[in-house]
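Peer 1: Dropping the structure in here first, questions after.
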Number of protein chains: 6
Amino acid sequence: MARTQKKPELQNAGTKASRDDKSKTTRSKTSAAKMAQPSAVAQDDTVFVALSLPEPTLNETMQAYFDKCMEKLGFVPNVLKAYAFDMKKLEAFAAMYNDLMLGPSGLSKLEREMIAVAVSSHNRCYYCLVAHGSAVRQISGDPALGELMVMNYRAARLSKRQRAMLDFAVKMTNEPWAIEDHDRDNLRRAGFSDRDIWDIAAIAGFYNMSNRVATATDMRPNSVYHAMAR
Amino acid sequence: MARTQKKPELQNAGTKASRDDKSKTTRSKTSAAKMAQPSAVAQDDTVFVALSLPEPTLNETMQAYFDKCMEKLGFVPNVLKAYAFDMKKLEAFAAMYNDLMLGPSGLSKLEREMIAVAVSSHNRCYYCLVAHGSAVRQISGDPALGELMVMNYRAARLSKRQRAMLDFAVKMTNEPWAIEDHDRDNLRRAGFSDRDIWDIAAIAGFYNMSNRVATATDMRPNSVYHAMAR
Amino acid sequence: MARTQKKPELQNAGTKASRDDKSKTTRSKTSAAKMAQPSAVAQDDTVFVALSLPEPTLNETMQAYFDKCMEKLGFVPNVLKAYAFDMKKLEAFAAMYNDLMLGPSGLSKLEREMIAVAVSSHNRCYYCLVAHGSAVRQISGDPALGELMVMNYRAARLSKRQRAMLDFAVKMTNEPWAIEDHDRDNLRRAGFSDRDIWDIAAIAGFYNMSNRVATATDMRPNSVYHAMAR
Amino acid sequence: MARTQKKPELQNAGTKASRDDKSKTTRSKTSAAKMAQPSAVAQDDTVFVALSLPEPTLNETMQAYFDKCMEKLGFVPNVLKAYAFDMKKLEAFAAMYNDLMLGPSGLSKLEREMIAVAVSSHNRCYYCLVAHGSAVRQISGDPALGELMVMNYRAARLSKRQRAMLDFAVKMTNEPWAIEDHDRDNLRRAGFSDRDIWDIAAIAGFYNMSNRVATATDMRPNSVYHAMAR
Amino acid sequence: MARTQKKPELQNAGTKASRDDKSKTTRSKTSAAKMAQPSAVAQDDTVFVALSLPEPTLNETMQAYFDKCMEKLGFVPNVLKAYAFDMKKLEAFAAMYNDLMLGPSGLSKLEREMIAVAVSSHNRCYYCLVAHGSAVRQISGDPALGELMVMNYRAARLSKRQRAMLDFAVKMTNEPWAIEDHDRDNLRRAGFSDRDIWDIAAIAGFYNMSNRVATATDMRPNSVYHAMAR
Amino acid sequence: MARTQKKPELQNAGTKASRDDKSKTTRSKTSAAKMAQPSAVAQDDTVFVALSLPEPTLNETMQAYFDKCMEKLGFVPNVLKAYAFDMKKLEAFAAMYNDLMLGPSGLSKLEREMIAVAVSSHNRCYYCLVAHGSAVRQISGDPALGELMVMNYRAARLSKRQRAMLDFAVKMTNEPWAIEDHDRDNLRRAGFSDRDIWDIAAIAGFYNMSNRVATATDMRPNSVYHAMAR
């Protein structure tokens, strides 16, 4: 990633007020001719956190990580750019994320993304619903499955295994104090190993963190997600 | 609408079990070759209510109404097919819906659809989120605005007027007993007339009804909505 | 209905403030001698919606409907007067109400009113609890049954059928997103047909609309309901 | 009170099942000829707690208290009969009740009953809503005021003082952990002394206890309350 | 208790502001040398209610009661000092408290204190959690059991009997309207008599009162509780 | 850490049932003579997760980390032992934890621990309340401050800064979807920089993850925490 050119994309702003001013110039460049009114998310690619954070200086490892994102996805997810003001925070976040979502596990990648979206739906997290809703659409090859996870996973016709998995993840989200042995036993009966149960708990826990960091900082998803895998 | 050909589309089923059996034959006809696994919503166009209801016999007015849907939309929304087992119910529903969403009002059609989706998001109604999320995308010409209404309207950058309108609609939905004079005054301060306030209340009320009829009967949206106006 | 005489009864007011001013003159005419302080609902028959709405002009059908109300009940329910500023809205509301509450159904009229009150109790809707609580008292011939529905239907000694019906209606009201096949199966086991389930859903849905229109507009019930069928 | 004659009135039963058996004989004596179906509360005067508790033996003071109830009210409230299985419990309850509701206070007796009903409405306590709803009707001379307290006190047109009092009592009931200095200051600004605030807190607290003892034991109000002061 | 000397300890203050002023002098006397910053609860022994209440004048019985507290505990619990502005209120509270927590019952004293803490945890009542958490530690001889009751009783490894008891008490606290026959039957199956069920209900009810009186008046526990039985 | 000796401490168990069996032998060795009944947390040091997870094999870095824990604390926190079945997970968790709680920040270490406990109190997480409640007691030198954070932070007499910080952290926890610009502005007005706001969000987010991983796996805190810094 050539940081010099990318600077505008890494820009944050303290308040919506200042964002709105800034967006006036931005809009004139980006809005398509066909649309009198710019999209509701026109600014999301340039102002993706409602906080004025230090200018990022990526270290070598993280520069390589961002380069790989560009190569594979064509863009760097805004959540990574948001964490990029501090290399320790970015590295810890990336390490945990990559282990949970891409590392070895008894859960398929689709199942992990389904947990991400069902939890984010309960917490109504705009960033995570857009980014991971897109992932569910892409991995499953089924756009409607992404919508079902975003809207109400209970309306989806799921296997017993997937339903038990999401019920546990959402109960953990909604009333963590009430999880007990019988909840874990439900997962075992649905075919999950104890090691799998750890992964369900860890992934559902992770999005309960990410959802809150995202909403607390008004993090905005890259606008490109919206049209992906429709 | 030629009912003879449409019969399969108007078919209901009492339980998911019977639905699943039925869908086996259905799938073989509709599933695209490219997709090994059928879409999560493959059956939604044929089995759209989890109740065994009487075979519909449209009267002249309602036949004309369905024909107009076919002509304008290319399909009859499943909610209308669901109500079609009884002409009195279908006519009353259609009359109320058309007056509220298409009749004269100080609220724009987009604003009415935004209320529909924000209320349905609170109630997590799959049918209404799919159908009216599509309408917001289409009318606004802004796909992301539809997603914002589905996911968390508070994350959208709205005008003061639209924000006040949705705050009122969602408070009505969440704790109707707590609406008081100061809530109505907020709307007046945001520029709404008393007549407009009635419309906001009536539309938000209507989706609190429809959301519940839809979830109580497991109503499924026409699959065509998912890809519209993306 | 002779509108000229009825005008005061159809009067609305934008705010409680203006209502209070108005009521001073009203009270001097209506308050009984025996009572120094006027009733908490003294104004409810003249100012029944907290919105300034257009002057009603009933069309022939609706005039006939209001006349029939006067003849049968001795008064026109305030909800109808509230909707009377627009004939399309009044007609659609009346059509839906009459079909659901008075049309053919596997549910008795008492059962339909019990649903109305149990739902309105959850939503704490003053208008609907007064009007339909009175209907439960009247139809059942048992004043205490009306109170039980208003206060806590779980405290009533109900048949298994009626209890299942109200549990479904209240769950639909409280967490519609969580209704699933087993909830519908509970109703089937309690003896309801699929057609009956539609009616339970439609009636519970209708009061979730009406409760919200009523509280959002501060609709007030005709004071005559309070003493009926005690 | 002559206990021998009263025994049936003091009778408890362990389960609804046994209550239902018993009621068959009871009904044949008490149900009025005009009514094919007995009232939903026909048994409430004989079986008023869903627990098998020891046979009461009133001591002299409590006998005098019950006699005074008979003389003044014409009946002994079922809550007192329920506590009568143990003189210590009955005496402590009666002492606290009489001090709070009838003792010296800056709050009028009507205001104290209004708190009782607004709290009981939040907790949906059938016993307390029936008994104290009747008290509000009687003391205020305004039947509709009783209904407003039962249904939704926010719909009543109250003085600033009474509204502040009920808002505090209901917030205490709903989220006691969130009461802070500014809540007490609201009461001071509405004209209440610190001594009055204690009384509001103590009365609201008391009904949060009574509501729960009543619902936990399925306590039933004397049927005579229903028709009082209508 | 020699009231003359005790006066400062019985002092109340209307607002935190005045309390803060007062505490400046108090602190200089009580704060230990080792601690630069005074404890967060330094004032709790002198200003224990956020209300200006009348100066207490104990009658003979209550003076004897306070003397006994001093003799047995070494201090008078602040809740008693708070009620001491009115002998009728203090006597009624003490009578009910002593009967419930110390009188004859099928529940052990530890079980009664466990109910007190589990209920107070749900209501997040600082006073009751400190005072009764200490009692659980002391009676059980197990400091960690006190913490478990304060933090989440579901995490404790309890007998079936104790778990059923606390589940009932907390359900009564959280949604009293939903307690029904099957909840009482659960207690019977866990070995409780109907007389025991009354006691569980009465104790859980009592702390639902006390929690609210304490939080509504910002009652502060004696600081000595914190270190007891650790 | 010498793993051979430590093995028993790293043991997990799949179910409470198996744990209970195991504990019988454990108890006979550990229970002090003075106590007939073993502590409610007697097993927490040996069986600290309700899942059967793979045997840990620490890599060099993590071995050094565990050794440092032993040296500094005298024990390895059970949460680290729980994560130790997989080095990637342990390293990512430790990196994030150490950065957030011990790294450079505008928040003091006490403030970070206060957030940890206030969030864990909302989520009623036994593990985190015990471990971080102990940290608040230790860092502040004020045992009562730890209790206040565990029980109800609103009852603590906090500076405006600390109160704003905890209000934000708890709102993020309770209704993350409702955090908006004015919430961030409250923090700015209380003196926090945008960089500080990130840290508040990240720490509150982190405990919303940890609380859920801990309750979902029934993680048990080292018993030594209970008596620390009292």
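Note on naming: chains are A, B, ... as they come in the structure tokens, residues start from 1 per chain, ligands start from 1 in the order shown.
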Enumerate the residues of chain F with a DSSP assignment of helix (DSSP H, G or I), computed from the backbone, and present them as a VMD selection string.
Peer 2: chain F and resid 3 to 10 16 to 30 60 to 73 78 to 83 87 to 102 109 to 122 126 to 140 143 to 151 153 to 155 160 to 174 176 to 178 181 to 189 194 to 216 223 to 227
Peer 1: Report as a ChimeraX atom specification the set of chain F residues whose atoms approach chain B to within 8 Å, with distances computed over only C-alpha atoms.
Peer 2: /F:177-178,180
Peer 1: Pick out the residues sitting within 10 Å of Gln162 (chain E), and hand them over as a ChimeraX atom specification; count only C-alpha atoms, and ignore anything fewer than 2 positions along from it in its own chain.
Peer 2: /E:107,111,114-115,157-160,164-168,187,190
Peer 1: Hey, can you check how far CA of Met96 (chain A) sits from CA of Ala92 (chain F)?
Peer 2: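 These two atoms are separated by 5.2 Å.
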Peer 1: Counting only C-alpha atoms, what is within 7 Å of Val213 (chain D), bar same-chain residues fewer than 6 positions away, as a list in words?
Peer 2: Ala201, Ala202 and Gly205 of chain E
Peer 1: Store the residues of this selection in a file with N, CA and C atoms, as a short mmCIF file (atom, residue, chain, number, x, y, z; two decimals), in the first residue's frame.
Peer 2:
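Saved file part.cif follows:
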data_model
loop_
_atom_site.label_atom_id
_atom_site.label_comp_id
_atom_site.auth_asym_id
_atom_site.auth_seq_id
_atom_site.Cartn_x
_atom_site.Cartn_y
_atom_site.Cartn_z
N ALA E 201 -41.53 -16.99 49.15
CA ALA E 201 -42.22 -15.86 48.54
C ALA E 201 -42.14 -14.62 49.43
N ALA E 202 -42.29 -14.81 50.72
CA ALA E 202 -42.32 -13.67 51.63
C ALA E 202 -40.93 -13.03 51.74
N GLY E 205 -40.12 -11.39 48.42
CA GLY E 205 -40.93 -10.17 48.38
C GLY E 205 -40.35 -9.07 49.25
#
